[in-house]
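File shown: my_file13.txt. Contents: compact mmCIF, C-alpha atoms.
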```txt
# COMPACT_ATOMS: atom_id res chain seq x y z
CA MET A 3 -61.12 -262.01 53.15
CA LEU A 4 -61.37 -264.05 49.99
CA GLY A 5 -64.39 -263.43 47.81
CA PHE A 6 -65.70 -266.56 46.12
CA MET A 7 -69.11 -265.41 44.85
CA ALA A 8 -69.68 -262.11 43.07
CA VAL A 9 -73.11 -260.80 43.95
CA GLY A 10 -73.47 -258.73 40.78
CA ASN A 11 -73.73 -255.31 42.41
CA GLY A 12 -70.06 -255.08 43.36
CA ASP A 13 -70.49 -257.02 46.61
CA PHE A 14 -69.10 -260.47 47.40
CA VAL A 15 -69.79 -263.50 49.52
CA ALA A 16 -66.41 -264.33 51.02
CA PHE A 17 -64.34 -266.48 53.33
CA ASP A 18 -63.11 -264.71 56.46
CA LEU A 19 -59.48 -265.84 56.36
CA SER A 20 -58.81 -264.55 59.88
CA VAL A 21 -60.00 -268.07 60.81
CA PRO A 22 -57.60 -270.09 58.64
CA ALA A 23 -58.59 -273.70 59.40
CA ASP A 24 -62.28 -273.62 58.43
CA PRO A 25 -63.19 -270.01 57.62
CA PRO A 26 -66.66 -268.62 58.18
CA VAL A 27 -68.60 -267.17 55.24
CA VAL A 28 -69.39 -263.45 55.37
CA TYR A 29 -70.99 -260.76 53.24
CA LEU A 30 -68.74 -258.00 51.88
CA SER A 31 -70.36 -254.80 50.69
CA HIS A 32 -68.36 -252.63 48.31
CA ASP A 33 -70.07 -249.47 49.58
CA GLY A 34 -70.71 -250.18 53.25
CA GLY A 35 -74.23 -251.53 52.74
CA ASP A 36 -76.39 -252.79 55.58
CA GLY A 37 -75.12 -256.36 55.36
CA HIS A 38 -71.39 -255.62 55.29
CA GLY A 39 -69.61 -258.08 57.55
CA TYR A 40 -72.69 -260.19 58.27
CA SER A 41 -71.90 -263.81 59.02
CA LEU A 42 -73.73 -266.12 56.61
CA GLY A 43 -72.47 -269.44 57.95
CA ASP A 44 -69.87 -270.95 60.28
CA ASN A 45 -68.00 -272.36 57.26
CA PHE A 46 -68.69 -273.16 53.60
CA MET A 47 -70.71 -276.32 54.25
CA ASP A 48 -72.76 -274.60 56.95
CA PHE A 49 -73.45 -271.65 54.61
CA MET A 50 -74.53 -273.95 51.77
CA ASP A 51 -76.78 -275.96 54.12
CA ARG A 52 -78.45 -272.86 55.52
CA TRP A 53 -78.75 -271.10 52.15
CA SER A 54 -80.22 -274.16 50.40
CA LYS A 55 -82.88 -274.48 53.12
CA ILE A 56 -84.19 -271.04 52.14
CA GLY A 57 -84.17 -271.93 48.45
CA CYS A 58 -80.85 -270.24 47.60
CA VAL A 59 -82.57 -266.85 47.53
CA GLY A 60 -80.61 -264.03 45.91
CA CYS A 61 -77.19 -263.14 47.21
CA GLU A 62 -77.62 -259.41 47.82
CA ASP A 63 -77.69 -258.39 51.46
CA TRP A 64 -81.26 -257.08 51.26
CA GLN A 65 -82.33 -260.55 50.10
CA LEU A 66 -80.49 -262.38 52.90
CA ILE A 67 -80.98 -260.11 55.92
CA PRO A 68 -84.69 -261.01 56.34
CA PHE A 69 -83.51 -264.54 57.16
CA MET A 70 -81.11 -263.40 59.92
CA ASP A 71 -81.67 -262.09 63.44
CA SER A 72 -78.37 -260.24 63.78
CA PRO A 73 -75.03 -259.70 62.03
CA VAL A 74 -73.63 -262.80 63.74
CA SER A 75 -76.61 -265.19 63.57
CA GLY A 76 -75.96 -266.55 60.10
CA ILE A 77 -78.88 -267.49 57.87
CA LEU A 78 -81.66 -268.95 60.03
CA PRO A 79 -83.57 -271.55 58.00
CA ASP A 80 -86.07 -272.08 60.84
CA SER A 81 -86.86 -268.39 61.35
CA ASP A 82 -90.41 -267.11 60.93
CA ASN A 83 -89.47 -265.45 57.63
CA ALA A 84 -87.93 -268.68 56.31
CA LYS A 85 -91.04 -270.65 57.25
CA LEU A 86 -93.25 -268.05 55.58
CA TRP A 87 -91.03 -268.13 52.46
CA ARG A 88 -91.32 -271.91 52.21
CA SER A 89 -95.09 -271.81 52.74
CA TRP A 90 -95.82 -269.65 49.70
CA PRO A 91 -98.02 -271.28 47.08
CA LYS A 92 -96.41 -273.99 45.05
CA VAL A 93 -97.33 -274.99 41.53
CA GLU A 94 -99.20 -278.27 41.36
CA LEU A 95 -98.48 -280.38 38.29
```

Let me see the file written as C-alpha cells.
Amino acid sequence: MLGFMAVGNGDFVAFDLSVPADPPVVYLSHDGGDGHGYSLGDNFMDFMDRWSKIGCVGCEDWQLIPFMDSPVSGILPDSDNAKLWRSWPKVEL
C-alpha cells in the first residue's frame, strides 16, 4: 500500500501496490474503522472520476461509504444516495 492522500484523522487513501501495473485505490483506516480496505476505484483515474461525480465529498470512510454498495463496489456515482446528494438545493445567482 502507498498512501497518497492523508484523510486528517490518521487514515489514508492509498494505492494497492499488490496490483503493480495500474493499482486500485483503497481506503486505509489507522484503527480498523468500518471502511478499512474498501475499494474506492479501479485505478487513480477511475477513483477521481467517481469521486468528482459525487462532488469530492470528504475523504473519511463515513463520508464515502454511503456512496458504495459493498467493500468492493467502489464509489457509485449513479447510486440512489449520489442522486439524492446531487439533487439538494442549489444556490441561484

Next item on the list: Would you mind listing what lies within 9 Å of A:Phe69 as a ChimeraX atom specification, with all atoms listed in the file counted and same-chain residues fewer than 5 positions away left out?
Entry: /A:56,76-84

Need the axis-aligned box for stretch 55-73 of chain A with 4 Å each side, so what are the centre and edges in Å to one decimal, as AutoDock Vina command-line options?
```
--center_x -79.9 --center_y -265.8 --center_z 54.8 --size_x 17.7 --size_y 25.4 --size_z 25.9
```

Note to self: What's around A:Met47 at 10 Å? Count only C-alpha atoms, leave out sequence neighbours fewer than 5 positions away in its own chain, and write the answer as a PyMOL selection string.
What the structure shows: chain A and resi 24+26-27+52-53

Item checked: For A:Pro25: contacts at 12 Å, all atoms listed in the file, fewer than 3 positions along chain excluded, given as a list in words ->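 The filter keeps Met3, Leu4, Gly5, Ala16, Phe17, Asp18, Leu19, Ser20, Val21, Pro22, Val28, Ser41, Leu42, Gly43, Asp44, Asn45, Phe46, Met47, Asp48 and Phe49 of chain A.
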
Check: Which is closest to A:Phe6 among A:Val59, A:Leu66, A:Leu30, A:Leu86, if we use all atoms listed in the file?
Finding: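 Going through A:Val59, A:Leu66, A:Leu30, A:Leu86 one by one, the smallest distance to A:Phe6 is for A:Leu30.
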